[in-house]
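Peer 1: Can you read through this structure? Questions will come right after.
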Amino acid sequence: MSGSGKTGLGSESGTITDYKEKSTGFSTDTEADFIATAITNVALTSNVATITTSTAHGYKTGDRVTVDAINNTFDGTYTITGAPTTTTFTYAKTADNVTSIAETGGTIADPTLKLYYFHFTYTTGDTYYGYGYTDSAYTTATAVAPTGAQGTYTIDWVYDTTYGTAGEVNIYSYYDADTGGVGWDNTVSGSGKTGLGSEEGKVTSSSGLTNSFTISSEADFTTTSATLQIYYFHFTYTSGDTYYGYGTTLKSDTTYAVGNITSAQAAAISGEAGTYTIDYVYDTTSGTAGEVQVYSYYDADTGGIGWNNMASGYGKTGLGSESGTVTSYDGLNTSFSTSTEADFSSANLVQYYQFHFTYTSGDIYYGYGYAAANTYTVGNVDGASIVGEAGTYTIDYVYNSNNGTKNEVTIYSYYDIDGVYWDNTVSASGLAGLGSESGSITNLGGSTTTFTTASEADFVTSNTTLQYYQFHFTYTSGDIYYGYGYAAANTYRVGNITSDQATAITGENGTYTIDYVYASTWGTLNRVSVYQYYDADTGVGGAGYNTEVHLEKTITYVARTGTTATITTSGNHGYVVGDYVYVQDTSYSSLNGYFEITSVTATTFNYTSSTSGTISSIAVSSGTCNNWVAGISGLGSESGRVANYNNDRSNFTPTTEADFTNSVSTLQYYSFRFTYTSGGDVYYGYGYVNKADVTGGAGYTSGQTFNNSSATGTYVIDYVQDGNSAWGMPNQVTVYSYYDADGVGWNSGVLGGGSSSGLGTEIGWVFDWSDTSKQGIFTSAGDADLSIASANSSSPAVGTSTSEIFTQASSTPTVTGGTGLDALIFSGLTDGTQNINLANVTGIEKIDLGSSTSTTYNLNINFDDVFKSDAKAMIVSGLASDDTIDLITSSATRGAVTWVDTPEQTYDYATGNYYDLWTGIDSSAATQNVILLLQQNITVTQVAA
């Protein structure tokens with residue numbers, strides 16, 4: 001619906017468009033009516049009915065239609081089998097032939113589609129809940145009994161709708177009623193396409209177990225493997241403070257029930273100054289017994305901070321072991337345990353408040369301030385103590401704070417109801433509390449006026465000369481593009497453009513609709529930009545919103561004299577002096593970049609290059625320039641190109657839509673998690689894959705699970721969507737989060753993780769946030785155990801993931817690392833340039849070239865050097881802008897080697913350095929790729945052996 005008026009109530013009018021894009025107008029005199037379409041002719045031949053309508057019916061093959069003809073043979077609701085013309089359609093009808101005859105009084109209309117909600121209860125008591133669409137006459141009393149159903153359907157709610165597909169069924173909730181079952185602790189995915197009775201799906205418990213269901217078979221779970229219990233709780237101190245958390249317990253040791261813990265359980269906890277209450281429990285197979293987490297704290301003391309804090313608490317040996325800290329919103333910290341609550345001093349508390357002031361004229365300004373603690377409450381303020389205000393103060397929000405200056409007031413927004421509205425900037429404050437504030441507002445034209453509590457800000461006239469507008473253009477085919485532009489002041493109003501404005505635009509094949517307007521002094525008159533395109537075509541050619549709009553111009557020639565660059569375009573570029581333009585792919589890197597145009601002709605423009613030198617005019621084949629402008633002569637002048645996710649491109653103008661022959665994306669984006677079978681560690685990431693490379697040829701599916709090749713864990717695909725080649729490359733994988741289940745939990749960070757060879761090949765480094773020098777390495781074949789990683793120890797205890805540090809004073813060391821994350825540090829070498837190769841190094845993951853300014857290290861790295869590390873990965877640090885790294889591009893054992901600098905980078909909190917992620921790929925498809933993290937600003941080159 002779109003409607004507006006300019007002269008008050010009674011002047012408004014507009015249009016309403018239904019979901020089949022049929023429109024009708026309305027005003028205060030005439031309502032909007034959608035009426036059935038008249039039938040003019042009917043025929044029935046060989047069980048195929050043909051209906052002819054008086055006007056375009058708007059249907060296509062597969063649509064549903066209700067026919068009400070004078071000849072009752074044709075009556076009913078049917079699926080359309082063909083639409084030969086805009087005024088005829090066919091459907092299947094088994095009946096005697098009817099010779100084509102004229103019809104007067106019959107009509108066709110959309111069927112009354114109904115959305116219904118339902119639940120299905122198995123005879124065992126399990127129940128699932130869902131919704132669906134039907135054009136049958138369902139009511140809440142309708143009985144549905146499909147063949148084979150082992151239970152009863154109940155229709156809970158029905159209402160008419162114009163959106164949805166008849167027959168579609170979706171399931172959103174499942175309750176497992178069996179004794180020992182998972183109850184509500186599950187997620188469900190289920191659907192059907194041919195109405196109630198066709199639905200089926202899967203239920204996944206919170207511990208990761210999955211079972212399927214149909215109308216004849218419920219989902220069943222065994223709980224014999226659920227040896228752990230997760231419980232949510234709160235602890236209330238005798239003073240009233242309360243904290244909230246959750247934990248995991250071994251069922252064979254302690255089992256909780258909802259309510260206060262038992263006296264025996266309380267007696268086993270020493271020194272607690274309050275009461276534990278269990279809020280919720282469920283069985284699980286994952287987690288660490290004894291672990292307790294606290295996530296929320298309420299400070300109940302008079303003058304305390306209430307909920308205005310962040311809490312962090314942890315325990316390892318069950319309820320009673322937890323302790324932690326509470327941080328107020330002002331940055332103050334205090335600790336808590338079961339015996340001691342968190343206390344904040346109230347001596348210096350002030351009250352922070354947000355407010356708005358409404359003048360009697362309707363103008364409003366918004367601000368915040370600080371007052372004595374507990375001064376205001378939310379709502380209108382008693383203004384008796386504020387002298388001369390011409391309006392009403394309303395307090396919107398308050399809380400006590402340890403920061404802020406009492407009586408300070410700041411204004412951040414002003415609404416001028418009788419002038420420039422929100423189109424202004426404000427500068428105002430006060431130092432003596434509410435009523436002391438004053439300041440000024442400046443409109444978009446640069447005019448300024450002042451205000452106080454007694455006098456509003458007024459603009460007599462606004463000196464705006466332009467109108468900014470947002471619009472969309474709808475082709476008669478259904479394609480739509482969206483954009484914005486600048487016109488003379490007061491040109492457009494919200495809604496379809498006027499008939500005079502439409503007549504002035506030549507040849508457009510659709511309708512312009514103005515979505516939003518406001519007055520402006522910024523912008524270029526008649527400039528139009530387009531930022532989004534919707535391809536409404538059906539079938540494989542339709543790209544939907546999976547498109548990008550390109551407004552770049554093609555460069556044909558480039559030249560430079562001194563620092564003045566000259567660019568020639570294939571057609572009229574439409575740029576003006578002062579425009580900024582982005583130039584790229586000219587074959588001359590010094591000409592590429594973002595520049596201000598200094599002079600123009602119709603097909604050339606000049607700018608000042610970042611470097612000087614003569615370039616004779618030369619043709620280029622792939623250069624483009626862009627200032628993101630689609631047209632320069634107002635609506636109707638815009639044009640551009642649209643690229644779908646396969647990077648197929650098609651031009652568009654207001655007369656010609658963009659069309660594609662195949663928009664089915666070949667690339668897929670997915671997010672995933674990987675859980676190790678041993679230990680329970682989990683890491684999370686995302687990646688890209690060619691759909692054809694996945695078994696079945698259609699990519700991954702959301703919820704899909706599978707083991708890695710070494711069967712050390714399980715992948716779960718959490719989310720998938722069609723991908724754009726601009727987002728990432730096939731087989732690119734990035735890991736961004738790691739949970740160390742048998743160590744530091746979530747208190748770990750990912751230093752670098754991923755691969756360019758697809759799932760199963762990702763590797764990376766993680767560190768302990770409590771000690772960033774404590775690091776571990778992981779692959780899908782083995783987890784990172786930070787609980788026993790040594791922190792830079794020169795003589796660590798032997799064990800998995802132990803960090804063994806070797807200090808080597810020779811440039812040709814023979815070093816063999818142990819298991820885990822091993823480092824080789826170079827120090828004590830002779831000053832000058834030292835050439836280092838790693839031919840005799842095995843099992844080393846970290847290379848430290850030191851920070852000596854008197855020694856320059858030139859490190860040669862071969863594919864084999866990295867492949868001989870424990871995890872096929874290596875991190876190299878050194879002195880930026882001094883040390884160099886040569887990546888050898890061939891190997892006696894591997895053949896040709898390709899090193900790829902990926903877009904990924906990471907930050908090492910231990911050293912404060914950024915690292916680039918490189919991938920090494922040899923000539924054998926059977927060999928795992930290797931990963932290098934190279935410290936940024938160390939010179940990296942690729943050289944032959």
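By order of appearance in the structure tokens: chains A, B, ..., then residues from 1 within every chain, and ligands from 1 in the order shown.
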Env of Ala630 (chain A): 6 Å cut, atoms = only C-alpha atoms, seq-sep filter 6 positions within chain, self excluded. Answer as a ChimeraX atom specification.

Peer 2: /A:528-529,551,638-639

Peer 1: Could you turn the residues from that selection into a file that holds N, CA and C atoms, as a JSON list (two decimals), in the first residue's frame?

Peer 2:
```json
[["chain", "number", "residue", "atom", "x", "y", "z"],
["A", 528, "VAL", "N", 21.49, 10.08, -10.60],
["A", 528, "VAL", "CA", 20.71, 8.91, -10.20],
["A", 528, "VAL", "C", 21.67, 7.75, -9.94],
["A", 529, "SER", "N", 21.48, 7.04, -8.84],
["A", 529, "SER", "CA", 22.28, 5.85, -8.53],
["A", 529, "SER", "C", 21.35, 4.65, -8.32],
["A", 551, "LEU", "N", 28.12, -0.34, -11.89],
["A", 551, "LEU", "CA", 27.92, 0.91, -12.62],
["A", 551, "LEU", "C", 29.22, 1.41, -13.23],
["A", 638, "GLU", "N", 19.04, 6.32, -16.11],
["A", 638, "GLU", "CA", 19.91, 5.37, -15.44],
["A", 638, "GLU", "C", 20.09, 4.09, -16.26],
["A", 639, "SER", "N", 21.27, 3.50, -16.13],
["A", 639, "SER", "CA", 21.57, 2.21, -16.75],
["A", 639, "SER", "C", 22.72, 1.59, -15.98]]
```

Peer 1: Residues within 6 Å of region 564-572 of chain A, please, as a list in words. Count only C-alpha atoms; anything in the same chain fewer than 3 positions from it doesn't count.

Peer 2: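 My reading of the contact set: Thr554, Ile555, Thr556, Tyr557, Val558, Ala559, Arg560, Thr561, Ala602, Thr603, Thr604, Phe605, Asn606, Tyr607, Thr608 and Ser609 of chain A.
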
Peer 1: CA of Gln905 (chain A) and CA of Val815 (chain A), how far apart in Å?

Peer 2: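 Result for CA of Val815 (chain A) versus CA of Gln905 (chain A): 28.9 Å, one decimal.
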
Peer 1: Show me, as number ranges by chain, the residues that have an atom within 9 Å of His119 (chain A) when counting only C-alpha atoms, minus same-chain residues fewer than 3 positions from it.

Peer 2: A: 127-131, 152-156

Peer 1: Give the answer as one residue: which of A:Thr262, A:Ser924, A:Asn647, A:Asn308 has the shortest atom-to-atom distance to Tyr329 (chain A), using only C-alpha atoms?

Peer 2: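 Among A:Thr262, A:Ser924, A:Asn647, A:Asn308, it is A:Asn308 that comes nearest to Tyr329 (chain A).
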
Peer 1: Taking into account only C-alpha atoms, which residue in the set A:Val900, A:Ala267, A:Ile215, A:Leu849 is nearest to Ser191 (chain A)?

Peer 2: A:Ile215

Peer 1: Contacts of Ile514 (chain A) at 12 Å or less, counting only C-alpha atoms, minus same-chain residues fewer than 3 places along, as a list in words?

Peer 2: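 Near neighbours after the sequence-gap exclusion: Ser2, Gly3, Ser4, Gln467, Tyr468, Tyr469, Gln470, Phe471, His472, Phe473, Thr474, Tyr482, Gly483, Tyr484, Gly485, Thr491, Tyr492, Arg493, Val494, Gly495, Asn496, Ile497, Thr498, Gln501, Thr511, Val517, Tyr518 and Leu635 of chain A.
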
Peer 1: Keeping only N, CA, C and O atoms, write those residues as a tab-separated table (two decimals), in the first residue's frame.

Peer 2:
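Listed below is the output, out-v3.tsv:
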```tsv
chain	number	residue	atom	x	y	z
A	2	SER	N	0.49	2.26	-0.78
A	2	SER	CA	1.22	3.51	-0.82
A	2	SER	C	0.20	4.63	-0.95
A	2	SER	O	-0.65	4.62	-1.85
A	3	GLY	N	0.25	5.62	-0.03
A	3	GLY	CA	-0.70	6.73	-0.10
A	3	GLY	C	-0.20	7.93	0.66
A	3	GLY	O	0.59	7.81	1.59
A	4	SER	N	-0.63	9.12	0.26
A	4	SER	CA	-0.19	10.33	0.94
A	4	SER	C	-1.12	11.48	0.55
A	4	SER	O	-1.99	11.37	-0.32
A	467	GLN	N	16.16	18.10	-3.76
A	467	GLN	CA	15.39	17.06	-3.10
A	467	GLN	C	16.10	15.73	-3.29
A	467	GLN	O	16.41	15.33	-4.42
A	468	TYR	N	16.41	15.08	-2.17
A	468	TYR	CA	16.94	13.72	-2.21
A	468	TYR	C	15.75	12.76	-2.19
A	468	TYR	O	14.81	12.94	-1.42
A	469	TYR	N	15.79	11.74	-3.06
A	469	TYR	CA	14.69	10.78	-3.09
A	469	TYR	C	15.24	9.36	-3.24
A	469	TYR	O	16.30	9.14	-3.83
A	470	GLN	N	14.49	8.42	-2.68
A	470	GLN	CA	14.75	7.00	-2.89
A	470	GLN	C	13.59	6.43	-3.69
A	470	GLN	O	12.45	6.84	-3.50
A	471	PHE	N	13.89	5.49	-4.57
A	471	PHE	CA	12.85	4.99	-5.48
A	471	PHE	C	13.08	3.53	-5.81
A	471	PHE	O	14.15	2.96	-5.53
A	472	HIS	N	12.06	2.90	-6.39
A	472	HIS	CA	12.26	1.62	-7.06
A	472	HIS	C	11.49	1.63	-8.37
A	472	HIS	O	10.48	2.33	-8.50
A	473	PHE	N	12.01	0.89	-9.33
A	473	PHE	CA	11.41	0.81	-10.66
A	473	PHE	C	11.00	-0.63	-10.90
A	473	PHE	O	11.83	-1.55	-10.79
A	474	THR	N	9.72	-0.86	-11.20
A	474	THR	CA	9.19	-2.21	-11.40
A	474	THR	C	8.87	-2.42	-12.88
A	474	THR	O	8.01	-1.73	-13.44
A	482	TYR	N	16.40	-0.79	-7.32
A	482	TYR	CA	16.26	0.20	-6.27
A	482	TYR	C	17.39	1.21	-6.36
A	482	TYR	O	18.54	0.85	-6.66
A	483	GLY	N	17.10	2.47	-6.07
A	483	GLY	CA	18.13	3.49	-6.15
A	483	GLY	C	17.74	4.76	-5.45
A	483	GLY	O	16.75	4.83	-4.71
A	484	TYR	N	18.53	5.80	-5.70
A	484	TYR	CA	18.27	7.12	-5.13
A	484	TYR	C	18.80	8.17	-6.09
A	484	TYR	O	19.56	7.86	-7.02
A	485	GLY	N	18.41	9.41	-5.86
A	485	GLY	CA	18.86	10.46	-6.75
A	485	GLY	C	18.58	11.83	-6.17
A	485	GLY	O	18.08	11.97	-5.04
A	491	THR	N	10.16	18.20	-6.15
A	491	THR	CA	9.78	17.56	-7.42
A	491	THR	C	8.86	16.37	-7.18
A	491	THR	O	7.81	16.24	-7.82
A	492	TYR	N	9.24	15.47	-6.28
A	492	TYR	CA	8.51	14.22	-6.10
A	492	TYR	C	7.82	14.16	-4.74
A	492	TYR	O	8.19	14.88	-3.80
A	493	ARG	N	6.84	13.29	-4.66
A	493	ARG	CA	6.25	12.92	-3.39
A	493	ARG	C	6.19	11.40	-3.33
A	493	ARG	O	6.26	10.72	-4.36
A	494	VAL	N	6.03	10.86	-2.13
A	494	VAL	CA	6.03	9.41	-1.95
A	494	VAL	C	4.84	8.80	-2.70
A	494	VAL	O	3.72	9.31	-2.63
A	495	GLY	N	5.08	7.74	-3.42
A	495	GLY	CA	4.06	7.06	-4.22
A	495	GLY	C	4.51	6.98	-5.67
A	495	GLY	O	5.64	7.37	-6.03
A	496	ASN	N	3.67	6.43	-6.55
A	496	ASN	CA	4.00	6.38	-7.96
A	496	ASN	C	4.16	7.80	-8.50
A	496	ASN	O	3.45	8.73	-8.08
A	497	ILE	N	5.09	8.01	-9.42
A	497	ILE	CA	5.28	9.34	-9.97
A	497	ILE	C	4.02	9.74	-10.74
A	497	ILE	O	3.24	8.90	-11.19
A	498	THR	N	3.81	11.05	-10.91
A	498	THR	CA	2.58	11.52	-11.55
A	498	THR	C	2.58	11.16	-13.03
A	498	THR	O	3.62	10.84	-13.62
A	501	GLN	N	4.94	13.35	-14.93
A	501	GLN	CA	6.34	12.96	-14.76
A	501	GLN	C	6.65	11.69	-15.54
A	501	GLN	O	7.73	11.56	-16.12
A	511	THR	N	7.08	0.95	-14.00
A	511	THR	CA	6.55	2.03	-13.17
A	511	THR	C	7.57	2.45	-12.13
A	511	THR	O	8.15	1.61	-11.44
A	517	VAL	N	11.49	10.86	0.51
A	517	VAL	CA	12.04	12.15	0.05
A	517	VAL	C	12.41	13.02	1.25
A	517	VAL	O	11.83	12.89	2.33
A	518	TYR	N	13.44	13.87	1.07
A	518	TYR	CA	13.65	14.97	2.01
A	518	TYR	C	14.45	16.07	1.33
A	518	TYR	O	15.18	15.83	0.35
A	635	LEU	N	15.51	10.65	-13.49
A	635	LEU	CA	14.88	9.36	-13.69
A	635	LEU	C	14.65	9.09	-15.17
A	635	LEU	O	14.19	9.97	-15.91
```

Peer 1: Taking the backbone alone, and naming residues the way the document does, which bits of region 813-904 of chain A are strand (DSSP E) by DSSP, as a ChimeraX atom specification?

Peer 2: /A:815-816,823-826,832-837,841-842,846-848,855-861,873-877,884-888,890-891,895-896,898-904

Peer 1: I want to know what sits within 12 Å of Ser737 (chain A), based on only C-alpha atoms, with residues of the same chain fewer than 4 positions away left out; could you give that as a CSV table (one decimal) with N, CA, C and O atoms, in the first residue's frame?

Peer 2:
```csv
chain,number,residue,atom,x,y,z
A,671,SER,N,28.6,-22.7,7.1
A,671,SER,CA,29.2,-22.6,8.4
A,671,SER,C,29.2,-24.0,9.1
A,671,SER,O,28.2,-24.8,8.8
A,672,PHE,N,30.1,-24.3,9.9
A,672,PHE,CA,30.2,-25.7,10.4
A,672,PHE,C,30.8,-25.7,11.8
A,672,PHE,O,31.4,-24.6,12.3
A,673,ARG,N,30.8,-26.8,12.5
A,673,ARG,CA,31.5,-27.1,13.7
A,673,ARG,C,32.1,-28.5,13.6
A,673,ARG,O,31.5,-29.4,13.0
A,674,PHE,N,33.2,-28.7,14.3
A,674,PHE,CA,33.8,-30.0,14.3
A,674,PHE,C,34.1,-30.4,15.8
A,674,PHE,O,34.7,-29.6,16.5
A,681,ASP,N,36.7,-31.5,22.5
A,681,ASP,CA,37.0,-30.1,22.0
A,681,ASP,C,36.1,-29.9,20.7
A,681,ASP,O,35.8,-30.8,20.0
A,682,VAL,N,35.8,-28.6,20.5
A,682,VAL,CA,35.0,-28.2,19.4
A,682,VAL,C,35.6,-26.9,18.7
A,682,VAL,O,36.0,-26.0,19.5
A,683,TYR,N,35.7,-26.9,17.4
A,683,TYR,CA,36.0,-25.6,16.8
A,683,TYR,C,34.9,-25.3,15.7
A,683,TYR,O,34.2,-26.2,15.2
A,684,TYR,N,34.8,-24.0,15.5
A,684,TYR,CA,33.8,-23.5,14.6
A,684,TYR,C,34.4,-22.7,13.4
A,684,TYR,O,35.4,-22.0,13.6
A,685,GLY,N,33.8,-22.8,12.3
A,685,GLY,CA,34.3,-22.1,11.1
A,685,GLY,C,33.3,-21.9,10.0
A,685,GLY,O,32.1,-22.2,10.1
A,686,TYR,N,33.8,-21.5,8.9
A,686,TYR,CA,33.0,-21.4,7.7
A,686,TYR,C,33.9,-21.6,6.5
A,686,TYR,O,35.1,-21.6,6.6
A,745,GLY,N,38.3,-24.3,28.4
A,745,GLY,CA,37.0,-24.0,27.9
A,745,GLY,C,37.0,-23.0,26.8
A,745,GLY,O,37.8,-23.0,25.9
A,746,TRP,N,36.1,-22.0,27.0
A,746,TRP,CA,36.0,-20.9,26.0
A,746,TRP,C,37.1,-19.9,26.2
A,746,TRP,O,37.2,-18.9,25.4
A,747,ASN,N,37.9,-20.0,27.2
A,747,ASN,CA,39.0,-19.0,27.5
A,747,ASN,C,40.2,-19.2,26.5
A,747,ASN,O,41.3,-19.2,26.9
A,748,SER,N,39.8,-19.5,25.3
A,748,SER,CA,40.9,-19.7,24.3
A,748,SER,C,40.6,-18.8,23.0
A,748,SER,O,39.4,-18.5,22.7
A,749,GLY,N,41.6,-18.4,22.4
A,749,GLY,CA,41.5,-17.6,21.2
A,749,GLY,C,42.2,-18.3,20.0
A,749,GLY,O,43.1,-19.1,20.2
A,750,VAL,N,41.7,-18.1,18.8
A,750,VAL,CA,42.3,-18.7,17.6
A,750,VAL,C,43.3,-17.7,17.0
A,750,VAL,O,43.0,-16.6,16.6
A,751,LEU,N,44.6,-18.1,17.0
A,751,LEU,CA,45.6,-17.2,16.4
A,751,LEU,C,45.6,-17.3,14.9
A,751,LEU,O,45.7,-16.3,14.2
A,752,GLY,N,45.3,-18.5,14.4
A,752,GLY,CA,45.2,-18.6,12.9
A,752,GLY,C,44.7,-20.0,12.6
A,752,GLY,O,45.1,-21.0,13.3
A,753,GLY,N,43.7,-20.1,11.8
A,753,GLY,CA,43.1,-21.4,11.5
A,753,GLY,C,42.4,-21.5,10.2
A,753,GLY,O,41.7,-20.6,9.8
A,754,GLY,N,42.6,-22.5,9.4
A,754,GLY,CA,41.9,-22.7,8.1
A,754,GLY,C,42.7,-23.5,7.2
A,754,GLY,O,43.6,-24.3,7.5
A,764,GLY,N,45.4,-25.0,12.6
A,764,GLY,CA,45.5,-23.7,13.2
A,764,GLY,C,46.2,-23.7,14.6
A,764,GLY,O,46.5,-24.7,15.1
A,765,TRP,N,46.4,-22.5,15.1
A,765,TRP,CA,46.9,-22.3,16.4
A,765,TRP,C,45.9,-21.7,17.3
A,765,TRP,O,45.1,-20.9,16.9
A,766,VAL,N,45.9,-22.1,18.6
A,766,VAL,CA,45.1,-21.5,19.6
A,766,VAL,C,45.9,-21.1,20.8
A,766,VAL,O,47.0,-21.6,21.0
A,767,PHE,N,45.4,-20.2,21.6
A,767,PHE,CA,46.2,-19.7,22.8
A,767,PHE,C,45.2,-19.6,23.9
A,767,PHE,O,44.0,-19.4,23.8
```

Peer 1: Between CA of Gly523 (chain A) and CA of Thr586 (chain A), what is the spacing in Å?

Peer 2: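 About the pair CA of Thr586 (chain A) and CA of Gly523 (chain A): they are 29.0 Å apart.
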
Peer 1: Please return as a short mmCIF file (atom, residue, chain, number, x, y, z; two decimals) with N, CA and C atoms, in the first residue's frame: the residues of region 260-501 of chain A that backbone DSSP assigns to helix (DSSP H, G or I).

Peer 2:
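Listing of part_38.cif after writing:
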```cif
data_model
loop_
_atom_site.label_atom_id
_atom_site.label_comp_id
_atom_site.auth_asym_id
_atom_site.auth_seq_id
_atom_site.Cartn_x
_atom_site.Cartn_y
_atom_site.Cartn_z
N SER A 263 18.73 -30.97 51.64
CA SER A 263 19.52 -30.65 52.82
C SER A 263 20.86 -31.36 52.79
N ALA A 264 20.87 -32.60 52.28
CA ALA A 264 22.13 -33.34 52.19
C ALA A 264 23.07 -32.68 51.19
N GLN A 265 22.53 -32.23 50.06
CA GLN A 265 23.37 -31.55 49.07
C GLN A 265 23.88 -30.23 49.62
N ALA A 266 23.03 -29.49 50.37
CA ALA A 266 23.47 -28.23 50.96
C ALA A 266 24.54 -28.46 52.01
N ALA A 267 24.40 -29.53 52.82
CA ALA A 267 25.36 -29.81 53.88
C ALA A 267 26.74 -30.12 53.32
N GLY A 383 7.73 20.04 37.25
CA GLY A 383 8.52 21.19 36.81
C GLY A 383 8.50 22.37 37.74
N ALA A 384 8.01 22.20 38.95
CA ALA A 384 7.89 23.35 39.86
C ALA A 384 9.24 23.98 40.16
N SER A 385 10.31 23.16 40.19
CA SER A 385 11.63 23.69 40.53
C SER A 385 12.38 24.21 39.32
N SER A 499 1.41 11.22 -13.64
CA SER A 499 1.31 10.90 -15.06
C SER A 499 2.14 11.86 -15.90
N ASP A 500 2.21 13.15 -15.50
CA ASP A 500 3.03 14.11 -16.24
C ASP A 500 4.51 13.74 -16.13
N GLN A 501 4.94 13.35 -14.93
CA GLN A 501 6.34 12.96 -14.76
C GLN A 501 6.65 11.69 -15.54
#
```

Peer 1: Give me, as JSON, numbers by chain, all polymer residues having an atom no more than 9 Å from Asn333 (chain A), counting only C-alpha atoms and skipping those fewer than 4 positions away in the same chain.

Peer 2: {"A": [325, 326, 327, 328, 342, 344]}

Peer 1: Report, in Å with one decimal, the straight-line distance from CA of Tyr244 (chain A) to CA of Ser173 (chain A).

Peer 2: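 Between CA of Tyr244 (chain A) and CA of Ser173 (chain A) the gap works out to 27.2 Å.
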
Peer 1: For each of A:Gly195, A:Pro84, A:Gly697, A:Gly318, take the minimum atom-to-atom distance to Tyr256 (chain A), counting only C-alpha atoms, then give the residue where this is smallest.

Peer 2: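 Among A:Gly195, A:Pro84, A:Gly697, A:Gly318, it is A:Gly318 that comes nearest to Tyr256 (chain A).
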